[in-house]
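Structure file input-v2.csv; described as CSV, C-alpha atoms.
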chain,number,residue,atom,x,y,z
X,1,MET,CA,124.0,100.7,76.2
X,2,GLY,CA,122.8,97.4,74.5
X,3,VAL,CA,121.2,97.9,71.2
X,4,GLU,CA,118.0,95.9,71.8
X,5,CYS,CA,116.5,97.8,74.7
X,6,LYS,CA,115.4,100.8,72.6
X,7,THR,CA,111.6,100.9,72.3
X,8,VAL,CA,110.2,101.4,75.8
X,9,LEU,CA,106.6,101.5,76.9
X,10,VAL,CA,106.2,104.4,79.4
X,11,THR,CA,102.9,104.4,81.3
X,12,GLY,CA,101.9,107.7,82.8
X,13,GLY,CA,104.7,109.3,80.7
X,14,ALA,CA,102.9,112.6,80.3
X,15,GLY,CA,103.0,113.3,84.0
X,16,TYR,CA,105.6,115.2,86.1
X,17,ILE,CA,108.2,112.5,86.6
X,18,GLY,CA,107.3,110.7,83.4
X,19,SER,CA,107.8,113.6,81.1
X,20,HIS,CA,111.2,114.4,82.6
X,21,THR,CA,112.2,110.7,82.2
X,22,VAL,CA,111.0,110.6,78.6
X,23,LEU,CA,113.3,113.6,78.0
X,24,GLU,CA,116.3,111.9,79.4
X,25,MET,CA,115.5,108.7,77.6
X,26,VAL,CA,115.2,110.4,74.2
X,27,LYS,CA,118.5,112.2,74.8
X,28,GLU,CA,120.0,108.7,75.2
X,29,GLY,CA,118.4,107.5,71.9
X,30,TYR,CA,115.5,105.5,73.3
X,31,THR,CA,112.1,105.6,71.6
X,32,ALA,CA,109.4,106.3,74.3
X,33,VAL,CA,105.9,105.0,73.6
X,34,VAL,CA,103.8,106.9,76.1
X,35,VAL,CA,100.4,105.7,77.3
X,36,ASP,CA,98.5,108.0,79.6
X,37,ASN,CA,94.9,108.8,80.3
X,38,LEU,CA,95.7,112.5,80.9
X,39,ASP,CA,93.8,112.3,84.2
X,40,ASN,CA,96.5,114.4,86.0
X,41,SER,CA,98.8,115.3,83.2
X,42,SER,CA,98.9,117.1,79.8
X,43,GLU,CA,100.0,116.0,76.3
X,44,GLU,CA,101.6,119.5,76.1
X,45,SER,CA,104.4,118.2,78.3
X,46,LEU,CA,105.4,115.6,75.6
X,47,LYS,CA,105.1,118.2,72.9
X,48,ARG,CA,107.6,120.4,74.8
X,49,VAL,CA,109.9,117.4,75.4
X,50,GLY,CA,110.0,116.9,71.7
X,51,GLU,CA,111.0,120.6,71.2
X,52,LEU,CA,113.6,120.5,73.9
X,53,THR,CA,115.3,117.3,72.6
X,54,GLY,CA,114.8,118.1,68.9
X,55,LYS,CA,113.8,114.5,68.5
X,56,PRO,CA,110.0,114.5,68.5
X,57,GLU,CA,110.0,111.4,66.3
X,58,LEU,CA,111.3,109.4,69.3
X,59,ILE,CA,108.2,110.2,71.3
X,60,VAL,CA,104.9,108.4,70.5
X,61,PHE,CA,101.7,109.2,72.5
X,62,ARG,CA,98.6,107.1,72.8
X,63,LYS,CA,95.8,108.2,75.0
X,64,VAL,CA,94.9,105.0,76.8
X,65,ASP,CA,93.7,104.1,80.3
X,66,LEU,CA,95.4,101.0,81.7
X,67,LEU,CA,92.0,99.8,82.8
X,68,ASP,CA,90.9,99.6,79.2
X,69,GLU,CA,92.6,96.3,78.3
X,70,THR,CA,91.4,96.3,74.7
X,71,ALA,CA,92.9,99.7,74.0
X,72,LEU,CA,96.1,98.9,75.8
X,73,GLU,CA,96.5,95.6,73.9
X,74,ALA,CA,96.2,97.6,70.6
X,75,VAL,CA,99.3,99.4,71.6
X,76,PHE,CA,101.2,96.1,72.2
X,77,LYS,CA,100.0,95.0,68.7
X,78,GLU,CA,101.4,98.2,67.2
X,79,PHE,CA,104.8,98.2,68.8
X,80,THR,CA,107.4,95.7,69.9
X,81,PHE,CA,108.6,96.7,73.4
X,82,THR,CA,111.8,95.5,75.1
X,83,ALA,CA,111.2,97.3,78.4
X,84,CYS,CA,108.5,99.1,80.3
X,85,ILE,CA,108.6,101.9,82.9
X,86,HIS,CA,105.4,102.0,84.9
X,87,PHE,CA,104.5,105.4,86.4
X,88,ALA,CA,100.7,105.5,85.8
X,89,GLY,CA,98.6,105.6,89.0
X,90,LEU,CA,96.6,107.8,91.3
X,91,LYS,CA,98.9,109.4,93.9
X,92,ALA,CA,97.2,111.7,96.4
X,93,VAL,CA,97.6,110.4,99.9
X,94,GLY,CA,94.6,112.3,101.3
X,95,GLU,CA,92.3,111.3,98.5
X,96,SER,CA,93.3,107.7,98.9
X,97,VAL,CA,92.2,107.7,102.5
X,98,LYS,CA,88.8,109.0,101.5
X,99,LEU,CA,88.5,106.8,98.3
X,100,PRO,CA,90.4,103.6,99.0
X,101,LEU,CA,88.4,101.5,96.6
X,102,LYS,CA,89.1,103.9,93.7
X,103,TYR,CA,92.8,103.7,94.5
X,104,TYR,CA,92.9,99.9,94.8
X,105,HIS,CA,90.9,99.5,91.6
X,106,ASN,CA,92.9,102.0,89.5
X,107,ASN,CA,96.4,101.3,90.7
X,108,LEU,CA,96.2,97.5,91.3
X,109,THR,CA,93.9,96.4,88.5
X,110,GLY,CA,95.6,98.7,86.0
X,111,THR,CA,99.0,97.2,86.9
X,112,LEU,CA,97.7,93.6,86.7
X,113,ILE,CA,96.3,94.3,83.2
X,114,LEU,CA,99.6,95.8,82.2
X,115,LEU,CA,101.7,92.9,83.6
X,116,ASN,CA,99.5,90.3,81.9
X,117,LEU,CA,100.0,92.0,78.5
X,118,LEU,CA,103.7,92.4,79.1
X,119,ASP,CA,103.8,88.7,79.9
X,120,LYS,CA,101.7,87.8,76.8
X,121,TYR,CA,103.9,89.8,74.5
X,122,GLY,CA,107.2,88.7,76.0
X,123,CYS,CA,108.4,92.1,77.4
X,124,LYS,CA,110.0,91.1,80.7
X,125,ARG,CA,112.2,94.1,81.6
X,126,PHE,CA,110.2,96.2,84.0
X,127,VAL,CA,111.0,99.4,86.0
X,128,PHE,CA,108.4,100.3,88.7
X,129,SER,CA,107.9,103.8,90.0
X,130,SER,CA,107.6,103.0,93.7
X,131,SER,CA,107.9,105.3,96.7
X,132,ALA,CA,109.6,105.8,100.1
X,133,THR,CA,106.0,105.8,101.4
X,134,VAL,CA,106.4,101.9,101.5
X,135,TYR,CA,108.7,102.3,104.5
X,136,GLY,CA,105.9,103.5,106.7
X,137,LEU,CA,106.9,104.7,110.1
X,138,VAL,CA,110.7,104.2,109.9
X,139,LYS,CA,112.6,104.0,113.1
X,140,GLU,CA,116.2,104.4,111.9
X,141,MET,CA,117.8,107.0,109.5
X,142,PRO,CA,119.1,106.9,106.9
X,143,VAL,CA,116.6,104.4,105.3
X,144,LEU,CA,118.2,101.4,103.7
X,145,GLU,CA,116.5,99.2,101.1
X,146,ASP,CA,116.2,96.3,103.6
X,147,ALA,CA,114.3,98.5,106.2
X,148,GLU,CA,110.9,97.1,107.3
X,149,ILE,CA,108.1,98.0,104.9
X,150,GLY,CA,104.5,98.8,105.7
X,151,ALA,CA,102.6,101.7,104.4
X,152,THR,CA,100.3,104.0,106.5
X,153,ASN,CA,97.7,104.9,103.8
X,154,PRO,CA,95.9,103.3,100.8
X,155,TYR,CA,98.1,105.0,98.3
X,156,GLY,CA,101.2,103.7,99.9
X,157,ARG,CA,99.7,100.3,100.2
X,158,THR,CA,99.0,100.2,96.4
X,159,LYS,CA,102.8,100.7,95.9
X,160,LEU,CA,103.5,98.1,98.5
X,161,PHE,CA,101.1,95.5,97.0
X,162,ILE,CA,102.5,96.1,93.5
X,163,GLU,CA,106.0,95.5,94.8
X,164,GLU,CA,104.7,92.2,96.2
X,165,PHE,CA,103.1,91.4,92.8
X,166,LEU,CA,106.5,91.9,91.2
X,167,ARG,CA,108.4,89.9,93.8
X,168,ASP,CA,106.0,87.0,93.4
X,169,LEU,CA,106.2,87.2,89.6
X,170,SER,CA,110.0,87.2,89.6
X,171,ARG,CA,110.0,84.1,91.8
X,172,ALA,CA,107.5,82.3,89.5
X,173,GLN,CA,109.1,83.3,86.2
X,174,GLU,CA,112.9,83.7,86.2
X,175,GLU,CA,113.0,85.5,82.9
X,176,TRP,CA,111.5,88.6,84.4
X,177,ASN,CA,114.1,91.3,85.1
X,178,ILE,CA,112.6,94.0,87.5
X,179,LEU,CA,113.9,97.1,89.2
X,180,ILE,CA,111.7,98.8,91.9
X,181,LEU,CA,112.7,102.4,92.3
X,182,ARG,CA,111.7,103.8,95.7
X,183,TYR,CA,111.9,107.6,95.4
X,184,PHE,CA,111.8,110.1,98.2
X,185,ASN,CA,110.4,113.6,97.4
X,186,PRO,CA,110.8,114.6,93.8
X,187,VAL,CA,111.0,118.4,93.3
X,188,GLY,CA,112.2,120.9,90.7
X,189,ALA,CA,111.8,121.2,87.0
X,190,HIS,CA,113.9,121.1,83.8
X,191,GLU,CA,116.4,123.9,83.6
X,192,SER,CA,114.6,125.4,80.6
X,193,GLY,CA,111.5,126.1,82.7
X,194,ARG,CA,109.4,124.5,79.9
X,195,ILE,CA,108.3,121.3,81.7
X,196,GLY,CA,107.5,120.9,85.4
X,197,GLU,CA,105.0,119.8,88.0
X,198,ASP,CA,101.5,120.8,87.2
X,199,PRO,CA,99.1,119.2,89.7
X,200,SER,CA,95.3,119.5,89.2
X,201,GLY,CA,93.5,121.2,92.0
X,202,ILE,CA,95.2,122.0,95.3
X,203,PRO,CA,98.7,120.6,95.3
X,204,ASN,CA,99.3,117.7,97.7
X,205,ASN,CA,103.1,118.2,97.8
X,206,LEU,CA,105.1,120.9,99.4
X,207,MET,CA,107.0,122.4,96.5
X,208,PRO,CA,104.2,123.0,94.0
X,209,TYR,CA,102.2,124.5,96.8
X,210,ILE,CA,105.1,126.9,97.7
X,211,ALA,CA,105.5,127.7,94.0
X,212,GLN,CA,101.8,128.6,93.7
X,213,VAL,CA,102.1,130.9,96.7
X,214,ALA,CA,105.1,132.5,94.9
X,215,VAL,CA,103.1,133.3,91.8
X,216,GLY,CA,100.0,134.4,93.8
X,217,ARG,CA,97.7,131.5,93.1
X,218,ARG,CA,97.7,130.6,96.8
X,219,ASP,CA,97.7,133.1,99.8
X,220,GLU,CA,100.1,131.3,102.1
X,221,LEU,CA,101.8,128.0,102.9
X,222,SER,CA,100.4,125.9,105.8
X,223,ILE,CA,103.2,124.2,107.7
X,224,PHE,CA,102.0,121.2,109.6
X,225,GLY,CA,104.0,121.0,112.9
X,226,ASP,CA,106.7,123.2,114.3
X,227,ASP,CA,107.6,121.1,117.3
X,228,TYR,CA,109.4,118.2,115.7
X,229,PRO,CA,112.8,117.2,117.1
X,230,THR,CA,114.6,118.9,114.2
X,231,LYS,CA,116.8,122.0,113.9
X,232,ASP,CA,113.9,124.4,113.3
X,233,GLY,CA,110.9,122.2,114.5
X,234,THR,CA,109.6,121.5,111.0
X,235,GLY,CA,109.7,118.1,109.3
X,236,VAL,CA,112.8,117.0,107.4
X,237,ARG,CA,112.6,115.1,104.1
X,238,ASP,CA,114.9,113.9,101.4
X,239,TYR,CA,114.1,116.1,98.4
X,240,ILE,CA,115.5,114.9,95.0
X,241,HIS,CA,115.6,116.9,91.9
X,242,VAL,CA,113.3,115.5,89.2
X,243,VAL,CA,116.1,115.6,86.6
X,244,ASP,CA,118.3,113.4,88.8
X,245,LEU,CA,115.4,111.1,89.4
X,246,ALA,CA,114.8,110.9,85.6
X,247,LYS,CA,118.4,110.0,85.0
X,248,GLY,CA,118.0,107.2,87.6
X,249,HIS,CA,115.3,105.6,85.4
X,250,VAL,CA,117.7,105.7,82.4
X,251,ALA,CA,120.4,104.1,84.6
X,252,ALA,CA,117.8,101.4,85.6
X,253,LEU,CA,117.0,100.7,81.9
X,254,GLU,CA,120.6,100.4,81.1
X,255,LYS,CA,121.2,98.0,84.0
X,256,LEU,CA,118.3,95.7,82.9
X,257,ASP,CA,119.8,95.7,79.4
X,258,VAL,CA,123.2,94.2,80.5
X,259,GLU,CA,122.5,92.3,83.7
X,260,LYS,CA,120.0,89.8,85.1
X,261,VAL,CA,119.0,91.3,88.4
X,262,GLY,CA,115.8,89.3,89.3
X,263,CYS,CA,113.7,91.7,91.3
X,264,LYS,CA,115.6,94.4,93.3
X,265,SER,CA,114.5,97.5,95.1
X,266,VAL,CA,116.7,100.6,95.0
X,267,ASN,CA,116.3,103.9,96.9
X,268,LEU,CA,116.6,107.1,94.7
X,269,GLY,CA,117.3,109.9,97.1
X,270,THR,CA,120.2,112.3,98.0
X,271,GLY,CA,120.9,111.2,101.5
X,272,VAL,CA,120.5,114.8,102.7
X,273,GLY,CA,117.5,116.0,104.7
X,274,TYR,CA,116.0,119.5,104.2
X,275,SER,CA,113.3,121.0,106.5
X,276,VAL,CA,110.1,122.6,105.3
X,277,LEU,CA,111.5,126.0,106.3
X,278,ASP,CA,114.7,125.2,104.3
X,279,MET,CA,112.6,124.7,101.2
X,280,LEU,CA,110.4,127.7,101.9
X,281,ASN,CA,113.5,129.9,102.4
X,282,GLY,CA,115.1,128.5,99.3
X,283,MET,CA,112.0,129.4,97.2
X,284,SER,CA,111.9,132.9,98.8
X,285,LYS,CA,115.5,133.4,97.7
X,286,ALA,CA,114.7,132.1,94.2
X,287,CYS,CA,111.7,134.3,93.6
X,288,GLY,CA,113.2,137.3,95.4
X,289,ARG,CA,110.6,137.9,98.1
X,290,LYS,CA,109.7,136.5,101.5
X,291,LEU,CA,106.8,134.0,101.1
X,292,PRO,CA,104.0,134.0,103.7
X,293,TYR,CA,103.2,131.0,105.8
X,294,LYS,CA,101.3,129.9,108.9
X,295,MET,CA,102.0,127.2,111.4
X,296,CYS,CA,99.4,124.5,111.9
X,297,PRO,CA,99.1,121.4,114.1
X,298,ARG,CA,100.9,118.2,113.0
X,299,ARG,CA,99.2,115.8,110.7
X,300,ASP,CA,98.5,112.2,111.7
X,301,GLY,CA,101.1,109.8,110.3
X,302,ASP,CA,103.8,112.3,109.5
X,303,VAL,CA,107.3,111.3,110.7
X,304,SER,CA,109.8,114.0,111.9
X,305,VAL,CA,112.7,113.0,109.7
X,306,LEU,CA,112.9,110.8,106.6
X,307,TYR,CA,115.9,110.5,104.2
X,308,ALA,CA,117.5,107.8,102.1
X,309,ASP,CA,120.7,106.0,102.2
X,310,PRO,CA,121.6,106.3,98.5
X,311,ALA,CA,124.8,104.2,98.6
X,312,TYR,CA,123.2,101.1,97.0
X,313,ALA,CA,122.0,103.2,94.0
X,314,LYS,CA,125.5,104.4,93.4
X,315,SER,CA,127.2,101.0,93.7
X,316,PHE,CA,124.5,99.0,91.9
X,317,LEU,CA,123.3,101.5,89.2
X,318,GLY,CA,126.3,103.8,89.0
X,319,TRP,CA,123.8,106.6,89.7
X,320,GLU,CA,123.9,109.5,92.2
X,321,ALA,CA,122.0,112.7,92.7
X,322,LYS,CA,124.0,115.7,91.6
X,323,LEU,CA,121.6,118.7,92.1
X,324,GLY,CA,121.0,120.5,95.4
X,325,ILE,CA,118.5,122.7,97.0
X,326,GLU,CA,119.5,125.8,95.0
X,327,GLU,CA,118.8,124.1,91.7
X,328,MET,CA,115.6,122.6,93.0
X,329,CYS,CA,114.2,126.0,94.0
X,330,GLU,CA,115.5,128.0,91.0
X,331,SER,CA,114.2,125.5,88.5
X,332,THR,CA,110.8,125.3,90.3
X,333,TRP,CA,110.5,129.1,90.2
X,334,LYS,CA,111.6,129.3,86.6
X,335,TRP,CA,108.9,126.7,85.6
X,336,GLN,CA,106.1,128.3,87.7
X,337,SER,CA,106.9,131.9,86.9
X,338,ASN,CA,107.0,131.1,83.1
X,339,ASN,CA,103.8,128.9,83.4
X,340,PRO,CA,101.8,130.4,86.3
X,341,ASN,CA,98.8,128.3,85.3
X,342,GLY,CA,100.8,125.2,84.4
X,343,TYR,CA,100.2,123.7,81.0
X,344,LYS,CA,96.7,125.1,80.9
X,345,GLY,CA,98.0,128.4,79.9
X,346,ALA,CA,99.8,126.9,76.9

structure tokens encoding of this file:
Amino acid sequence: MGVECKTVLVTGGAGYIGSHTVLEMVKEGYTAVVVDNLDNSSEESLKRVGELTGKPELIVFRKVDLLDETALEAVFKEFTFTACIHFAGLKAVGESVKLPLKYYHNNLTGTLILLNLLDKYGCKRFVFSSSATVYGLVKEMPVLEDAEIGATNPYGRTKLFIEEFLRDLSRAQEEWNILILRYFNPVGAHESGRIGEDPSGIPNNLMPYIAQVAVGRRDELSIFGDDYPTKDGTGVRDYIHVVDLAKGHVAALEKLDVEKVGCKSVNLGTGVGYSVLDMLNGMSKACGRKLPYKMCPRRDGDVSVLYADPAYAKSFLGWEAKLGIEEMCESTWKWQSNNPNGYKGA
């Protein structure tokens, strides 16, 4: 790894994917300066990352909202950054449909403020946390990076618009070096069970919902659609272990440190599709009891099958997912059973 790319600004770094990424960064000797408004995250996650790595001095936290330009610029005046990983943003699809202006203001305006400050202070290496949701209603599997893009909800469109910001910025200013990481369905937790996914309110994603059923916080799982053209009728997705995903961000930082890439998009997935029932059965096995569920009608906009072609990530970043469904379910159960109320019980 090049010596200069060492102090990295991590927006939203106290969140689920952010905290796991900070852990992997610190293990590799990076200093992570985390800015987070703690809207859907907890500072406790970073405290635990410090304990797990034994290097708390490499993690700096500043409670800052990206919409507060003055507070954010104060962080730029305090530190010299050589790269930025941008996770911060609202991310609930259903909420974005009900509150599109809130999503556009928060995600787009916050990103513009961030990019302007990065530009002003000469930090032009940028890793963006995007999503497979930008592929919209994909027609062919597996999904390649050059598949047609077009999101089906306001949350997805904020990811898409930010990608467009970055492509335009890269065309206008050649010195920018940008990697857009489009991830599929992050699940699982660190093997210690000390950090994991802790959504506020009712979980929007499958695995934290199943985990809350497993610890008795929810009565049963609702499965939306049992008549898809899949092996068991339930939707199939590419679930990627959050630790693999975190390592993908470190690989992206290392790539930007040694090579001029311009602005490139990379899928982070496994290339393997698991159905909703596969994941439910995996969690039942991990927690040692059959978990209750009910079948419900399909939701609008859900596709039957969605999984990545991860070949480009391997050839370009030298990265590939290593952990499978067993590790995903066992680590989720370890996290949730040790922290039934998430970080709030800490």

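CA of Ser337 (chain X) is found 12.0 Å from CA of Ile210 (chain X).
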
_My list of candidates is X:Ile180, X:Met25, X:Ile113, X:Leu46. Which is closest to Gly12 (chain X) when distances are computed with only C-alpha atoms?_
X:Leu46

*Nearest-residue call for Phe316 (chain X), choices X:Ser275, X:Ser265, X:Thr109, X:Thr80, using only C-alpha atoms*: X:Ser265

*What does the distance between CA of Ala83 (chain X) and CA of Arg125 (chain X) come to in Å, to one decimal place?*
4.6 Å

*What's the 9 Å shell around Glu191 (chain X), counting all atoms listed in the file, without same-chain residues fewer than 2 positions away, as a VMD selection string?*
chain X and resid 188 to 189 193 to 195 243 327 330 to 332 334 to 335

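Take the candidates X:Lys6, X:Lys63, X:His241, X:Lys27 and check each one against Glu51 (chain X) using only C-alpha atoms; the shortest distance goes to X:Lys27.
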
*Closest to Tyr293 (chain X) among X:Leu221, X:Gly248, X:Phe76, X:Gly324, using only C-alpha atoms?*
X:Leu221

Just save region 159-170 of chain X with all heavy atoms, as a short mmCIF file (atom, residue, chain, number, x, y, z; two decimals), in the first residue's frame.
data_model
loop_
_atom_site.label_atom_id
_atom_site.label_comp_id
_atom_site.auth_asym_id
_atom_site.auth_seq_id
_atom_site.Cartn_x
_atom_site.Cartn_y
_atom_site.Cartn_z
N LYS X 159 -28.86 7.53 -5.44
CA LYS X 159 -27.60 6.84 -5.74
C LYS X 159 -27.21 7.08 -7.21
O LYS X 159 -26.05 7.35 -7.53
CB LYS X 159 -27.73 5.34 -5.46
CG LYS X 159 -27.89 4.97 -3.99
CD LYS X 159 -26.66 5.26 -3.18
CE LYS X 159 -26.73 4.69 -1.77
NZ LYS X 159 -25.61 5.13 -0.93
N LEU X 160 -28.20 6.98 -8.07
CA LEU X 160 -27.98 7.16 -9.51
C LEU X 160 -27.51 8.57 -9.81
O LEU X 160 -26.55 8.78 -10.56
CB LEU X 160 -29.29 6.86 -10.23
CG LEU X 160 -29.27 6.60 -11.72
CD1 LEU X 160 -28.35 5.45 -12.07
CD2 LEU X 160 -30.70 6.28 -12.20
N PHE X 161 -28.18 9.57 -9.21
CA PHE X 161 -27.81 10.97 -9.47
C PHE X 161 -26.41 11.26 -8.96
O PHE X 161 -25.64 11.98 -9.60
CB PHE X 161 -28.81 11.92 -8.80
CG PHE X 161 -30.21 11.86 -9.36
CD1 PHE X 161 -31.29 12.29 -8.60
CD2 PHE X 161 -30.46 11.37 -10.62
CE1 PHE X 161 -32.59 12.23 -9.08
CE2 PHE X 161 -31.76 11.31 -11.13
CZ PHE X 161 -32.83 11.74 -10.37
N ILE X 162 -26.06 10.72 -7.78
CA ILE X 162 -24.72 10.94 -7.25
C ILE X 162 -23.67 10.31 -8.18
O ILE X 162 -22.62 10.90 -8.43
CB ILE X 162 -24.59 10.42 -5.80
CG1 ILE X 162 -25.45 11.27 -4.86
CG2 ILE X 162 -23.13 10.42 -5.35
CD1 ILE X 162 -25.65 10.68 -3.48
N GLU X 163 -23.98 9.13 -8.70
CA GLU X 163 -23.08 8.53 -9.69
C GLU X 163 -22.88 9.49 -10.87
O GLU X 163 -21.75 9.66 -11.36
CB GLU X 163 -23.64 7.20 -10.19
CG GLU X 163 -23.53 6.05 -9.20
CD GLU X 163 -23.69 4.69 -9.88
OE1 GLU X 163 -23.72 4.64 -11.14
OE2 GLU X 163 -23.78 3.67 -9.16
N GLU X 164 -23.96 10.11 -11.32
CA GLU X 164 -23.85 11.06 -12.44
C GLU X 164 -23.02 12.28 -12.05
O GLU X 164 -22.21 12.77 -12.85
CB GLU X 164 -25.24 11.49 -12.92
CG GLU X 164 -26.10 10.37 -13.51
CD GLU X 164 -25.57 9.81 -14.84
OE1 GLU X 164 -24.52 10.25 -15.33
OE2 GLU X 164 -26.23 8.92 -15.39
N PHE X 165 -23.21 12.79 -10.81
CA PHE X 165 -22.35 13.88 -10.33
C PHE X 165 -20.88 13.50 -10.52
O PHE X 165 -20.06 14.29 -10.99
CB PHE X 165 -22.51 14.11 -8.82
CG PHE X 165 -23.83 14.62 -8.32
CD1 PHE X 165 -24.07 14.70 -6.95
CD2 PHE X 165 -24.83 15.05 -9.19
CE1 PHE X 165 -25.27 15.17 -6.46
CE2 PHE X 165 -26.04 15.52 -8.69
CZ PHE X 165 -26.26 15.58 -7.33
N LEU X 166 -20.57 12.27 -10.09
CA LEU X 166 -19.17 11.82 -10.06
C LEU X 166 -18.62 11.63 -11.47
O LEU X 166 -17.46 11.98 -11.75
CB LEU X 166 -19.05 10.53 -9.25
CG LEU X 166 -19.42 10.67 -7.77
CD1 LEU X 166 -19.42 9.32 -7.08
CD2 LEU X 166 -18.49 11.65 -7.05
N ARG X 167 -19.45 11.11 -12.38
CA ARG X 167 -18.99 10.94 -13.76
C ARG X 167 -18.73 12.31 -14.41
O ARG X 167 -17.73 12.50 -15.10
CB ARG X 167 -20.00 10.11 -14.56
CG ARG X 167 -19.91 8.61 -14.24
CD ARG X 167 -20.81 7.77 -15.13
NE ARG X 167 -22.19 7.74 -14.67
CZ ARG X 167 -22.67 6.84 -13.80
NH1 ARG X 167 -21.87 5.93 -13.27
NH2 ARG X 167 -23.94 6.86 -13.45
N ASP X 168 -19.64 13.26 -14.15
CA ASP X 168 -19.45 14.61 -14.69
C ASP X 168 -18.21 15.27 -14.10
O ASP X 168 -17.45 15.94 -14.80
CB ASP X 168 -20.69 15.48 -14.40
CG ASP X 168 -21.87 15.10 -15.28
OD1 ASP X 168 -21.66 14.44 -16.33
OD2 ASP X 168 -23.02 15.45 -14.92
N LEU X 169 -18.00 15.09 -12.80
CA LEU X 169 -16.86 15.69 -12.12
C LEU X 169 -15.55 15.13 -12.67
O LEU X 169 -14.58 15.87 -12.93
CB LEU X 169 -16.96 15.42 -10.62
CG LEU X 169 -15.90 16.01 -9.70
CD1 LEU X 169 -15.82 17.52 -9.86
CD2 LEU X 169 -16.21 15.64 -8.26
N SER X 170 -15.53 13.83 -12.90
CA SER X 170 -14.34 13.17 -13.43
C SER X 170 -14.02 13.66 -14.85
O SER X 170 -12.85 13.85 -15.20
CB SER X 170 -14.56 11.66 -13.43
OG SER X 170 -13.52 10.99 -14.09
#
